[in-house]
file data_30.txt (compact mmCIF, C-alpha atoms)
# COMPACT_ATOMS: atom_id res chain seq x y z
CA MET A 205 107.62 85.10 111.13
CA LEU A 206 106.98 88.69 112.22
CA GLU A 207 110.38 88.80 113.93
CA ARG A 208 112.16 87.75 110.74
CA TYR A 209 110.16 89.88 108.32
CA PHE A 210 110.27 93.13 110.30
CA GLU A 211 113.68 92.46 111.96
CA LEU A 212 112.29 93.40 115.36
CA SER A 213 115.40 92.49 117.35
CA LYS A 214 117.66 94.39 114.95
CA ASN A 215 115.47 97.46 115.46
CA LYS A 216 115.43 96.96 119.25
CA THR A 217 111.69 96.50 119.46
CA SER A 218 109.12 93.73 120.00
CA ILE A 219 105.59 92.78 118.97
CA ARG A 220 104.24 94.26 122.22
CA ILE A 221 106.06 97.56 121.70
CA GLU A 222 104.95 97.73 118.07
CA PHE A 223 101.32 97.08 119.06
CA ILE A 224 101.39 99.83 121.70
CA ALA A 225 102.97 102.16 119.14
CA GLY A 226 100.35 101.24 116.54
CA LEU A 227 97.55 101.82 119.04
CA SER A 228 99.06 105.18 120.01
CA THR A 229 99.27 106.28 116.38
CA PHE A 230 95.73 105.11 115.69
CA LEU A 231 94.34 107.03 118.67
CA ALA A 232 96.14 110.16 117.45
CA THR A 233 94.91 109.82 113.85
CA MET A 234 91.46 108.26 114.17
CA TYR A 235 89.83 111.70 114.16
CA ILE A 236 90.17 111.62 110.37
CA ILE A 237 87.46 108.93 110.19
CA VAL A 238 84.85 111.51 111.20
CA VAL A 239 86.56 114.80 110.29
CA ASN A 240 87.20 113.87 106.65
CA PRO A 241 83.54 113.02 105.93
CA SER A 242 82.40 116.18 107.71
CA ILE A 243 84.52 118.25 105.30
CA LEU A 244 83.91 116.35 102.06
CA SER A 245 80.17 116.07 102.71
CA GLN A 246 80.05 119.85 102.24
CA ALA A 247 81.02 119.17 98.62
CA GLY A 248 77.75 117.26 98.22
CA MET A 249 79.20 113.78 98.85
CA PRO A 250 77.32 111.38 101.15
CA PHE A 251 78.79 111.45 104.67
CA SER A 252 78.49 107.68 105.15
CA GLY A 253 80.11 107.03 101.76
CA VAL A 254 83.11 109.23 102.56
CA LEU A 255 83.44 107.60 106.00
CA THR A 256 83.62 104.14 104.42
CA ALA A 257 86.13 105.37 101.82
CA THR A 258 88.23 107.02 104.55
CA VAL A 259 88.41 103.84 106.62
CA LEU A 260 89.22 101.67 103.60
CA LEU A 261 91.96 104.01 102.38
CA SER A 262 93.52 104.32 105.84
CA PHE A 263 93.39 100.54 106.33
CA LEU A 264 94.80 99.53 102.93
CA SER A 265 97.43 102.28 102.66
CA SER A 266 98.76 101.82 106.20
CA LEU A 267 99.06 98.07 105.65
CA LEU A 268 100.95 98.75 102.42
CA MET A 269 103.26 101.16 104.24
CA GLY A 270 103.90 98.55 106.91
CA PHE A 271 104.35 95.41 104.81
CA TYR A 272 105.96 96.98 101.72
CA ALA A 273 107.86 100.06 102.91
CA LYS A 274 108.38 98.69 106.46
CA ASN A 275 108.06 102.13 108.03
CA PRO A 276 105.99 102.95 111.17
CA LEU A 277 103.86 105.55 109.38
CA VAL A 278 100.10 105.77 109.00
CA VAL A 279 98.66 106.83 105.63
CA ALA A 280 95.18 108.38 105.46
CA PRO A 281 93.27 111.19 103.67
CA GLY A 282 95.23 114.38 104.24
CA MET A 283 93.93 117.37 106.15
CA GLY A 284 94.29 120.50 104.04
CA LEU A 285 93.96 118.42 100.90
CA ASN A 286 90.35 117.62 101.84
CA ALA A 287 89.70 121.33 102.45
CA PHE A 288 91.18 122.22 99.04
CA PHE A 289 89.02 119.52 97.45
CA THR A 290 85.81 120.86 99.01
CA PHE A 291 86.18 124.61 99.31
CA THR A 292 88.42 125.44 96.33
CA ALA A 293 87.87 122.75 93.69
CA VAL A 294 84.16 122.06 94.26
CA LYS A 295 82.57 125.06 95.99
CA THR A 296 84.67 127.88 94.51
CA MET A 297 85.62 126.61 91.05
CA GLY A 298 82.28 124.84 90.61
CA ILE A 299 83.76 121.45 89.72
CA ALA A 300 81.50 118.44 90.27
CA TRP A 301 82.79 116.23 93.07
CA GLU A 302 82.92 113.26 90.69
CA THR A 303 85.27 115.27 88.47
CA ALA A 304 87.34 116.36 91.48
CA LEU A 305 87.74 112.69 92.43
CA GLY A 306 89.04 112.12 88.90
CA ALA A 307 91.60 114.88 89.45
CA VAL A 308 92.69 113.12 92.64
CA PHE A 309 93.12 109.86 90.70
CA TRP A 310 95.22 111.45 87.94
CA SER A 311 97.39 113.26 90.49
CA GLY A 312 98.04 109.83 92.01
CA ILE A 313 99.08 108.48 88.62
CA ILE A 314 101.55 111.37 88.29
CA PHE A 315 102.87 110.51 91.78
CA LEU A 316 103.39 106.92 90.70
CA LEU A 317 105.37 107.96 87.63
CA LEU A 318 107.49 110.39 89.65
CA SER A 319 108.16 107.67 92.22
CA LEU A 320 108.86 104.85 89.76
CA PHE A 321 111.45 106.96 87.95
CA ASN A 322 112.98 108.07 91.27
CA VAL A 323 112.14 111.73 90.64
CA ARG A 324 110.62 112.10 94.11
CA THR A 325 113.69 110.51 95.68
CA LEU A 326 115.91 112.96 93.80
CA LEU A 327 113.72 115.79 95.08
CA LEU A 328 114.16 114.53 98.63
CA LYS A 329 117.92 114.22 98.34
CA SER A 330 118.13 117.79 97.04
CA ILE A 331 116.74 119.24 100.28
CA PRO A 332 119.60 121.01 102.11
CA VAL A 333 120.53 119.44 105.45
CA SER A 334 119.73 122.59 107.42
CA LEU A 335 116.22 122.64 105.94
CA ARG A 336 115.73 118.98 106.83
CA HIS A 337 116.39 119.80 110.47
CA ALA A 338 114.21 122.91 110.31
CA VAL A 339 111.29 121.08 108.68
CA ALA A 340 111.45 118.37 111.37
CA ALA A 341 111.34 120.98 114.13
CA GLY A 342 108.65 123.01 112.32
CA ILE A 343 106.44 119.93 112.03
CA GLY A 344 106.92 119.42 115.77
CA LEU A 345 105.69 122.94 116.45
CA PHE A 346 102.81 122.37 114.03
CA ILE A 347 101.75 119.17 115.81
CA ALA A 348 101.95 120.92 119.18
CA LEU A 349 99.85 123.82 117.85
CA ILE A 350 97.21 121.36 116.63
CA GLY A 351 97.10 119.79 120.09
CA LEU A 352 96.90 123.14 121.90
CA SER A 353 94.17 124.31 119.52
CA ASN A 354 92.17 121.08 119.86
CA ALA A 355 92.18 121.52 123.62
CA GLY A 356 91.17 125.19 123.52
CA PHE A 357 94.45 126.15 125.20
CA ILE A 358 95.23 128.39 122.22
CA VAL A 359 92.23 130.23 120.74
CA ALA A 360 91.62 132.84 118.05
CA ASN A 361 91.63 136.47 119.16
CA PRO A 362 90.70 139.37 116.82
CA ALA A 363 93.01 141.76 118.67
CA THR A 364 96.12 139.58 118.99
CA LEU A 365 95.43 136.84 116.39
CA VAL A 366 95.78 134.14 119.06
CA SER A 367 95.62 134.05 122.85
CA LEU A 368 95.30 131.64 125.75
CA GLY A 369 91.92 130.09 126.43
CA ASP A 370 90.01 130.49 129.68
CA PRO A 371 91.94 128.36 132.24
CA THR A 372 88.78 127.95 134.35
CA GLN A 373 86.92 126.06 131.60
CA PRO A 374 86.46 122.33 132.45
CA LEU A 375 87.75 121.23 129.05
CA LEU A 376 90.97 123.21 129.45
CA ILE A 377 91.46 121.91 132.98
CA LEU A 378 91.05 118.39 131.63
CA PHE A 379 93.72 119.09 128.99
CA ILE A 380 96.14 120.36 131.65
CA VAL A 381 95.53 117.22 133.70
CA GLY A 382 96.13 115.12 130.60
CA LEU A 383 99.32 116.99 129.74
CA ALA A 384 100.63 116.50 133.28
CA LEU A 385 99.77 112.79 133.14
CA THR A 386 101.43 112.33 129.73
CA ALA A 387 104.57 114.19 130.83
CA PHE A 388 104.69 112.11 134.01
CA PHE A 389 104.41 108.81 132.11
CA ILE A 390 106.98 109.89 129.52
CA THR A 391 109.56 111.05 132.07
CA ARG A 392 109.06 107.84 134.06
CA LYS A 393 109.41 105.86 130.80
CA THR A 394 106.13 104.05 131.49
CA PRO A 395 105.41 101.49 128.72
CA GLY A 396 102.36 102.64 126.76
CA GLY A 397 102.28 105.89 128.73
CA ILE A 398 100.73 107.92 125.90
CA VAL A 399 97.96 105.37 125.35
CA LEU A 400 97.34 105.17 129.10
CA SER A 401 97.04 108.94 129.33
CA ILE A 402 94.61 109.08 126.39
CA LEU A 403 92.40 106.41 127.96
CA ILE A 404 92.41 108.08 131.41
CA VAL A 405 91.49 111.48 129.98
CA SER A 406 88.76 109.88 127.85
CA LEU A 407 87.25 108.30 130.98
CA LEU A 408 87.46 111.62 132.85
CA ALA A 409 85.77 113.35 129.93
CA TYR A 410 83.02 110.75 129.83
CA PHE A 411 82.21 111.11 133.53
CA GLY A 412 82.82 114.86 133.45
CA GLN A 413 80.20 115.21 130.77
CA ALA A 414 77.52 114.29 133.29
CA TYR A 415 78.89 115.98 136.39
CA PHE A 416 80.73 119.06 135.12
CA GLY A 417 78.99 119.85 131.85
CA LEU A 418 81.99 119.03 129.68
CA PRO A 419 81.14 119.52 125.98
CA VAL A 420 82.18 115.99 125.04
CA SER A 421 80.09 113.75 122.80
CA SER A 422 78.93 110.26 123.73
CA ALA A 423 78.39 107.37 121.36
CA GLU A 424 75.01 107.30 119.64
CA GLY A 425 74.59 103.58 119.24
CA TRP A 426 77.28 101.05 118.43
CA PHE A 427 76.85 99.98 114.83
CA SER A 428 76.81 101.81 111.50
CA ALA A 429 76.61 99.88 108.21
CA PRO A 430 79.27 100.71 105.57
CA ASP A 431 78.27 102.68 102.47
CA PHE A 432 80.09 101.77 99.23
CA SER A 433 78.22 104.26 97.02
CA LEU A 434 81.38 106.28 96.22
CA LEU A 435 83.39 103.30 94.99
CA PHE A 436 84.49 104.06 91.39
CA ALA A 437 82.18 107.12 91.30
CA LEU A 438 84.94 109.32 89.82
CA ASP A 439 84.82 110.95 86.38
CA PHE A 440 87.94 109.62 84.60
CA VAL A 441 87.57 111.55 81.33
CA GLY A 442 86.00 114.82 82.48
CA SER A 443 88.81 115.40 84.99
CA LEU A 444 91.40 115.54 82.17
CA GLN A 445 90.06 118.73 80.59
CA PHE A 446 92.61 121.55 80.38
CA ALA A 447 90.76 123.78 82.86
CA LEU A 448 91.36 121.19 85.59
CA TRP A 449 95.11 120.92 85.15
CA PRO A 450 95.76 123.58 87.85
CA VAL A 451 93.65 121.51 90.26
CA ILE A 452 95.62 118.36 89.48
CA PHE A 453 98.87 120.32 89.86
CA ALA A 454 97.74 121.67 93.24
CA PHE A 455 97.00 118.14 94.46
CA VAL A 456 100.36 116.92 93.14
CA PHE A 457 102.43 119.71 94.63
CA THR A 458 100.75 119.86 98.04
CA ASP A 459 100.72 116.09 98.59
CA LEU A 460 104.26 115.77 97.23
CA PHE A 461 105.82 118.22 99.66
CA ASP A 462 103.62 117.30 102.60
CA SER A 463 104.75 113.68 102.30
CA LEU A 464 108.40 114.58 101.64
CA ALA A 465 108.45 116.93 104.62
CA THR A 466 106.81 114.31 106.85
CA PHE A 467 109.31 111.61 105.82
CA VAL A 468 112.22 113.97 106.42
CA GLY A 469 110.87 115.32 109.71
CA VAL A 470 110.03 111.97 111.25
CA ALA A 471 113.27 110.37 110.03
CA GLU A 472 115.37 113.19 111.48
CA ALA A 473 113.55 113.20 114.82
CA ALA A 474 113.53 109.40 115.29
CA ASN A 475 116.79 108.62 113.46
CA LEU A 476 114.98 106.35 111.00
CA LYS A 477 117.64 106.87 108.34
CA ASP A 478 119.71 104.70 106.03
CA ALA A 479 123.50 104.60 105.71
CA ASP A 480 123.42 107.68 103.45
CA GLY A 481 121.48 109.75 105.98
CA ASN A 482 118.24 109.67 103.97
CA PRO A 483 114.86 108.50 105.35
CA ARG A 484 114.72 104.72 105.51
CA ASN A 485 113.15 102.88 102.54
CA ILE A 486 112.27 106.24 101.02
CA LYS A 487 111.46 104.99 97.50
CA LYS A 488 109.03 102.36 98.76
CA SER A 489 107.48 104.86 101.18
CA LEU A 490 106.91 107.39 98.40
CA LEU A 491 105.46 104.69 96.15
CA THR A 492 103.05 103.80 98.94
CA ASP A 493 102.04 107.44 99.27
CA ALA A 494 101.46 107.59 95.51
CA VAL A 495 99.32 104.44 95.55
CA ALA A 496 97.30 105.92 98.43
CA THR A 497 96.42 108.99 96.37
CA THR A 498 95.47 106.87 93.36
CA LEU A 499 93.32 104.64 95.57
CA ALA A 500 91.69 107.71 97.12
CA GLY A 501 90.20 108.72 93.79
CA LEU A 502 88.90 105.19 93.19
CA LEU A 503 87.47 104.74 96.68
CA GLY A 504 85.85 108.18 96.87
CA THR A 505 87.89 110.51 99.08
CA SER A 506 90.54 113.25 98.94
CA PRO A 507 94.25 112.37 98.45
CA GLY A 508 95.97 110.08 100.93
CA THR A 509 99.18 111.15 102.59
CA THR A 510 101.55 110.13 105.38
CA TYR A 511 100.44 111.48 108.76
CA ILE A 512 102.70 113.55 110.97
CA GLU A 513 100.82 112.13 113.97
CA SER A 514 102.69 108.88 113.27
CA ALA A 515 105.36 110.44 115.46
CA VAL A 516 103.14 109.64 118.47
CA GLY A 517 103.66 105.92 117.89
CA ILE A 518 107.34 106.36 117.14
CA GLU A 519 107.75 108.14 120.48
CA GLN A 520 106.21 105.02 122.07
CA GLY A 521 108.95 102.89 120.55
CA GLY A 522 107.55 102.00 117.13
CA ARG A 523 110.45 101.38 114.76
CA THR A 524 109.19 99.01 112.05
CA GLY A 525 106.35 98.57 109.61
CA LEU A 526 104.54 96.41 112.17
CA THR A 527 103.46 99.64 113.88
CA ALA A 528 101.73 100.77 110.68
CA VAL A 529 100.18 97.32 110.24
CA PHE A 530 98.65 97.36 113.72
CA ALA A 531 97.41 100.94 113.24
CA GLY A 532 95.92 100.06 109.85
CA LEU A 533 94.12 97.02 111.26
CA LEU A 534 92.60 99.16 114.01
CA PHE A 535 90.94 101.36 111.36
CA LEU A 536 88.96 98.54 109.78
CA PRO A 537 86.42 97.78 112.58
CA PHE A 538 85.30 101.41 112.55
CA MET A 539 83.81 100.94 109.12
CA PHE A 540 81.07 99.29 111.21
CA LEU A 541 81.62 100.89 114.64
CA SER A 542 82.18 104.55 113.74
CA PRO A 543 79.80 105.89 116.47
CA LEU A 544 82.27 104.69 119.12
CA LEU A 545 84.90 107.17 117.89
CA SER A 546 83.17 109.95 119.80
CA LEU A 547 84.20 108.24 123.06
CA ILE A 548 87.81 109.38 122.44
CA PRO A 549 87.50 113.20 122.35
CA ALA A 550 90.08 115.54 120.85
CA VAL A 551 91.03 116.79 124.31
CA ALA A 552 92.26 113.26 125.15
CA THR A 553 94.77 113.11 122.28
CA ALA A 554 95.77 116.79 122.50
CA PRO A 555 98.39 116.29 125.28
CA ALA A 556 100.05 113.52 123.23
CA LEU A 557 100.40 115.90 120.27
CA VAL A 558 102.04 118.54 122.48
CA ILE A 559 104.53 116.00 123.85
CA VAL A 560 105.31 114.83 120.32
CA GLY A 561 106.15 118.47 119.52
CA VAL A 562 108.86 118.23 122.19
CA PHE A 563 110.10 115.00 120.64
CA MET A 564 110.27 116.40 117.10
CA ILE A 565 111.92 119.74 117.83
CA ARG A 566 115.19 118.05 118.83
CA PRO A 567 116.92 118.42 115.41
CA VAL A 568 116.83 122.23 115.71
CA VAL A 569 120.09 122.13 117.68
CA GLN A 570 121.87 120.69 114.63
CA ILE A 571 121.26 123.80 112.52
CA ASP A 572 124.26 126.11 112.11
CA TRP A 573 122.65 129.29 113.47
CA LYS A 574 125.89 131.25 113.08
CA SER A 575 125.75 130.93 109.29
CA MET A 576 123.05 133.37 108.18
CA GLU A 577 122.69 131.82 104.72
CA GLU A 578 121.68 128.60 106.45
CA ALA A 579 119.94 130.09 109.49
CA ILE A 580 117.52 132.44 107.69
CA PRO A 581 115.96 129.80 105.39
CA ALA A 582 115.88 127.32 108.28
CA PHE A 583 114.13 129.86 110.51
CA LEU A 584 111.55 130.67 107.83
CA ALA A 585 110.75 126.98 107.34
CA LEU A 586 110.66 126.45 111.10
CA VAL A 587 108.19 129.24 111.90
CA LEU A 588 106.07 129.30 108.74
CA ILE A 589 104.97 125.67 109.09
CA PRO A 590 103.00 126.40 112.29
CA PHE A 591 102.28 130.10 111.58
CA SER A 592 100.80 129.44 108.12
CA TYR A 593 99.25 126.15 109.29
CA SER A 594 100.85 124.50 106.26
CA ILE A 595 103.87 122.22 105.94
CA THR A 596 103.96 123.04 102.23
CA GLN A 597 104.26 126.81 102.76
CA GLY A 598 107.09 126.36 105.23
CA ILE A 599 109.11 124.22 102.85
CA ILE A 600 108.33 126.48 99.85
CA TRP A 601 109.70 129.63 101.48
CA GLY A 602 112.58 127.72 103.02
CA PHE A 603 113.63 126.50 99.56
CA LEU A 604 113.21 129.85 97.84
CA SER A 605 115.10 131.81 100.48
CA TRP A 606 117.92 129.21 100.59
CA THR A 607 118.34 129.41 96.81
CA PHE A 608 118.21 133.22 96.82
CA LEU A 609 120.88 133.55 99.51
CA LYS A 610 123.18 131.08 97.77
CA LEU A 611 122.78 133.06 94.53
CA VAL A 612 123.62 136.42 96.10
CA GLN A 613 126.60 134.81 97.83
CA GLY A 614 127.83 133.56 94.45
CA LYS A 615 127.67 129.90 95.58
CA TYR A 616 126.04 128.65 92.40
CA ARG A 617 127.55 125.18 92.59
CA GLU A 618 125.65 124.41 95.80
CA ILE A 619 122.34 124.81 93.93
CA SER A 620 121.49 121.51 92.27
CA PRO A 621 119.41 121.31 89.06
CA VAL A 622 116.75 119.40 91.00
CA LEU A 623 116.51 122.22 93.55
CA ILE A 624 115.98 124.69 90.70
CA ILE A 625 113.07 122.53 89.50
CA ILE A 626 111.67 122.54 93.05
CA ASP A 627 111.93 126.35 93.15
CA ILE A 628 110.06 126.64 89.85
CA LEU A 629 107.33 124.34 91.15
CA ALA A 630 107.19 126.39 94.35
CA ILE A 631 106.70 129.64 92.41
CA LEU A 632 104.01 127.99 90.26
CA SER A 633 102.30 126.81 93.43
CA ILE A 634 102.32 130.34 94.87
CA LEU A 635 100.84 131.71 91.63
CA THR A 636 98.20 128.95 91.54
CA GLY A 637 97.34 129.63 95.16
CA SER A 638 97.03 133.37 94.48
CA HIS A 639 94.65 132.61 91.63
CA ALA A 640 92.53 130.46 93.91
CA GLN A 641 92.47 133.19 96.55
CA GLY A 642 91.35 135.63 93.88
CA LEU A 643 88.44 133.34 93.09
CA LEU A 644 87.55 133.24 96.75
call {"tool": "encode", "arguments": {"input": "data_30.txt", "output": "structure tokens"}}
result
Amino acid sequence: MLERYFELSKNKTSIRIEFIAGLSTFLATMYIIVVNPSILSQAGMPFSGVLTATVLLSFLSSLLMGFYAKNPLVVAPGMGLNAFFTFTAVKTMGIAWETALGAVFWSGIIFLLLSLFNVRTLLLKSIPVSLRHAVAAGIGLFIALIGLSNAGFIVANPATLVSLGDPTQPLLILFIVGLALTAFFITRKTPGGIVLSILIVSLLAYFGQAYFGLPVSSAEGWFSAPDFSLLFALDFVGSLQFALWPVIFAFVFTDLFDSLATFVGVAEAANLKDADGNPRNIKKSLLTDAVATTLAGLLGTSPGTTYIESAVGIEQGGRTGLTAVFAGLLFLPFMFLSPLLSLIPAVATAPALVIVGVFMIRPVVQIDWKSMEEAIPAFLALVLIPFSYSITQGIIWGFLSWTFLKLVQGKYREISPVLIIIDILAILSILTGSHAQGLL
């Protein structure tokens, strides 16, 4: 049944490969189960309630992505979106978290309308080819930066902004060992190599905690009861007041372009494209993303979005929605077993993220670097995604610069009406962001 439904043979994969890919993606994304509650709890929401909502959203949305859209992509509450929810909407603007959840819900409804009427698909198709390649490579650099930062290999430095961490620190040594192991398994084409590396480093971290003083947590107990207190706790009516429209717009724009960029980047890097060269099953994937955001407001968490870390599972051979199904199923037990998540430290998944950066930067060679009107926007998108720590900012400035250069070159016909709409939304987003920074 699984073979027929997911067309495993046609996609040159198997149930075993899809399970390993799903496990790999889950291990790379499971941090959200604890990280999301730690951020949203600062908005006054109960930690245990957000944890339950996070697990439920990740489970339901990933299953929907797998069974409906048939793509190997995990959907979960988005990083960045949860920070905007807490620090801008609630703590800075003074919005009650119940009202902010309402804003999340209504932004999801807007997503659904945009997806049902194919507006989001039109937006995707309007992205210039050079920017598609650049966004894919930029996301790869972004993922690698996250991994290097998680491991302490790259650290903040007041004099030089960033610098290398102390190579004598046990945690950094463990990361280097993990990176070497992951690279070894990948080059030898070892089945499940990424998962194997993550498990080995986790074991080393666990034993190193006792013998070398590694700052790695251990599980405090095994069981934690779910908390459904945030279910339907949103304020439907209060979130529609005019003063909250900029908040809803910010959720819409950020989630829209994060998901679009992720679909484009992963599709380009893994060649998961249809006959027209667009990401496979794009309309169904975008509908799933829209449903995830709507569900997020109802369940009690920040907007759901497609995770770039899904590329970890794709690198392990995941090619169908069965990868997302397996990953989604793996989330569910941790609604009860969340303390065990601390046994897989960030340093264990960091090497996998760096290797995925290598995997995703491949499309950069397809950019025409000799054509400056293509190269400059592509370069801005490529570097601003990791440098600004935002996929949205990279794609915004890539779009605006591409449009500007086409205008000054007199190539008006290459600028589609949809791209003009995107540029207007991008400018509005910049202005909205500037207003929020002013409040801060």
call {"tool": "atom_distance", "arguments": {"input": "data_30.txt", "atom1": "atom CA of Thr303 of chain A", "atom2": "atom CA of Phe288 of chain A"}}
result
14.0 Å
call {"tool": "residues_near_point", "arguments": {"input": "data_30.txt", "point": "(114.0, 109.5, 119.1)", "cutoff": "9 Å", "atoms": "only C-alpha atoms", "output": "list in words"}}
result
Glu472, Ala473, Ala474, Asn475, Leu476, Ile518, Glu519, Gly521, Phe563, Met564 and Arg566 of chain A
call {"tool": "write_last_selection", "arguments": {"input": "data_30.txt", "atoms": "C-alpha atoms", "output": "compact mmCIF listing (two decimals), keeping the file's coordinate frame"}}
result
# COMPACT_ATOMS: atom_id res chain seq x y z
CA GLU A 472 115.37 113.19 111.48
CA ALA A 473 113.55 113.20 114.82
CA ALA A 474 113.53 109.40 115.29
CA ASN A 475 116.79 108.62 113.46
CA LEU A 476 114.98 106.35 111.00
CA ILE A 518 107.34 106.36 117.14
CA GLU A 519 107.75 108.14 120.48
CA GLY A 521 108.95 102.89 120.55
CA PHE A 563 110.10 115.00 120.64
CA MET A 564 110.27 116.40 117.10
CA ARG A 566 115.19 118.05 118.83
call {"tool": "atom_distance", "arguments": {"input": "data_30.txt", "atom1": "atom CA of Ala528 of chain A", "atom2": "atom CA of Val516 of chain A"}}
result
11.9 Å
call {"tool": "atom_distance", "arguments": {"input": "data_30.txt", "atom1": "atom CA of Ala630 of chain A", "atom2": "atom CA of Ala293 of chain A"}}
result
19.7 Å
call {"tool": "closest_atom_pairs", "arguments": {"input": "data_30.txt", "of": "segment 340-458 of chain A", "to": "segment 238-262 of chain A", "cutoff": "8 Å", "atoms": "only C-alpha atoms", "output": "CSV"}}
result
residue,atom,partner,partner_atom,distance
A:Pro430,CA,A:Thr256,CA,5.7
A:Asp431,CA,A:Gly253,CA,4.8
A:Phe432,CA,A:Gly253,CA,5.8
A:Ser433,CA,A:Gly253,CA,5.8
A:Leu434,CA,A:Gly253,CA,5.7
A:Leu435,CA,A:Ala257,CA,7.6
call {"tool": "closest_residue", "arguments": {"input": "data_30.txt", "among": "A:Gln570, A:Thr372, A:Thr553, A:Thr524", "to": "Arg336 of chain A", "atoms": "all atoms listed in the file"}}
result
A:Gln570
call {"tool": "closest_atom_pairs", "arguments": {"input": "data_30.txt", "of": "segment 303-406 of chain A", "to": "segment 499-506 of chain A", "cutoff": "12 Å", "atoms": "only C-alpha atoms", "output": "Markdown table"}}
result
| residue | atom | partner | partner_atom | distance |
| --- | --- | --- | --- | --- |
| A:Thr303 | CA | A:Gly501 | CA | 9.8 |
| A:Ala304 | CA | A:Gly501 | CA | 8.5 |
| A:Leu305 | CA | A:Gly501 | CA | 4.9 |
| A:Gly306 | CA | A:Gly501 | CA | 6.1 |
| A:Ala307 | CA | A:Gly501 | CA | 7.7 |
| A:Val308 | CA | A:Gly501 | CA | 5.2 |
| A:Phe309 | CA | A:Gly501 | CA | 4.4 |
| A:Trp310 | CA | A:Gly501 | CA | 8.2 |
| A:Ser311 | CA | A:Gly501 | CA | 9.1 |
| A:Gly312 | CA | A:Leu499 | CA | 7.9 |
| A:Ile313 | CA | A:Leu499 | CA | 9.8 |
| A:Phe315 | CA | A:Leu499 | CA | 11.8 |
| A:Leu316 | CA | A:Leu499 | CA | 11.4 |
call {"tool": "residues_near_point", "arguments": {"input": "data_30.txt", "point": "(92.1, 128.1, 129.0)", "cutoff": "12 Å", "atoms": "only C-alpha atoms", "output": "ChimeraX atom specification"}}
result
/A:352-360,367-380
call {"tool": "residues_around", "arguments": {"input": "data_30.txt", "residues": "segment 396-406 of chain A", "least_positions_apart": "4", "cutoff": "6 Å", "atoms": "all atoms listed in the file", "output": "mmCIF file with C-alpha atoms, in the coordinates of the input"}}
result
data_model
loop_
_atom_site.group_PDB
_atom_site.id
_atom_site.type_symbol
_atom_site.label_atom_id
_atom_site.label_comp_id
_atom_site.auth_asym_id
_atom_site.auth_seq_id
_atom_site.Cartn_x
_atom_site.Cartn_y
_atom_site.Cartn_z
ATOM 1 C CA ILE A 224 101.390 99.830 121.700
ATOM 2 C CA SER A 228 99.060 105.180 120.010
ATOM 3 C CA GLY A 382 96.130 115.120 130.600
ATOM 4 C CA THR A 386 101.430 112.330 129.730
ATOM 5 C CA PHE A 389 104.410 108.810 132.110
ATOM 6 C CA ILE A 548 87.810 109.380 122.440
ATOM 7 C CA ALA A 552 92.260 113.260 125.150
ATOM 8 C CA THR A 553 94.770 113.110 122.280
#
call {"tool": "closest_atom_pairs", "arguments": {"input": "data_30.txt", "of": "segment 541-597 of chain A", "to": "segment 608-616 of chain A", "cutoff": "10 Å", "atoms": "only C-alpha atoms", "output": "CSV"}}
result
residue,atom,partner,partner_atom,distance
A:Met576,CA,A:Leu609,CA,8.9
A:Glu577,CA,A:Leu609,CA,5.8
A:Glu578,CA,A:Leu609,CA,8.6
A:Ile580,CA,A:Leu609,CA,8.9
A:Pro581,CA,A:Leu609,CA,8.5
call {"tool": "residues_around", "arguments": {"input": "data_30.txt", "residues": "Phe461 of chain A", "least_positions_apart": "4", "cutoff": "10 Å", "atoms": "only C-alpha atoms", "output": "list of chain:residue names"}}
result
A:Arg324, A:Leu327, A:Leu328, A:Val456, A:Phe457, A:Ala465, A:Thr466, A:Phe467, A:Ile595, A:Thr596, A:Gln597, A:Gly598, A:Ile599, A:Ile600, A:Ile626, A:Ala630
call {"tool": "closest_residue", "arguments": {"input": "data_30.txt", "among": "A:Leu318, A:Leu586, A:Ala454, A:Leu285", "to": "Leu491 of chain A", "atoms": "all atoms listed in the file"}}
result
A:Leu318
call {"tool": "closest_residue", "arguments": {"input": "data_30.txt", "among": "A:Leu541, A:Gly351, A:Leu460, A:Val622", "to": "Val558 of chain A", "atoms": "all atoms listed in the file"}}
result
A:Gly351
call {"tool": "decode", "arguments": {"input": "data_30.txt", "residues": "segment 237-243 of chain A", "atoms": "N, CA and C atoms", "output": "PDB file, in the first residue's frame"}}
result
ATOM      1  N   ILE A 237      10.863  21.278  19.981  1.00  0.00           N
ATOM      2  CA  ILE A 237       9.932  20.848  21.022  1.00  0.00           C
ATOM      3  C   ILE A 237      10.219  21.542  22.346  1.00  0.00           C
ATOM      4  N   VAL A 238      11.491  21.819  22.608  1.00  0.00           N
ATOM      5  CA  VAL A 238      11.873  22.495  23.844  1.00  0.00           C
ATOM      6  C   VAL A 238      12.142  23.982  23.618  1.00  0.00           C
ATOM      7  N   VAL A 239      12.757  24.318  22.480  1.00  0.00           N
ATOM      8  CA  VAL A 239      13.130  25.709  22.208  1.00  0.00           C
ATOM      9  C   VAL A 239      11.897  26.594  22.043  1.00  0.00           C
ATOM     10  N   ASN A 240      10.884  26.110  21.331  1.00  0.00           N
ATOM     11  CA  ASN A 240       9.681  26.921  21.122  1.00  0.00           C
ATOM     12  C   ASN A 240       8.991  27.277  22.440  1.00  0.00           C
ATOM     13  N   PRO A 241       8.769  26.318  23.347  1.00  0.00           N
ATOM     14  CA  PRO A 241       8.182  26.687  24.644  1.00  0.00           C
ATOM     15  C   PRO A 241       9.051  27.634  25.457  1.00  0.00           C
ATOM     16  N   SER A 242      10.377  27.480  25.340  1.00  0.00           N
ATOM     17  CA  SER A 242      11.258  28.367  26.110  1.00  0.00           C
ATOM     18  C   SER A 242      11.139  29.809  25.652  1.00  0.00           C
ATOM     19  N   ILE A 243      10.821  30.019  24.373  1.00  0.00           N
ATOM     20  CA  ILE A 243      10.655  31.379  23.843  1.00  0.00           C
ATOM     21  C   ILE A 243       9.251  31.906  24.137  1.00  0.00           C
TER      22      ILE A 243
END
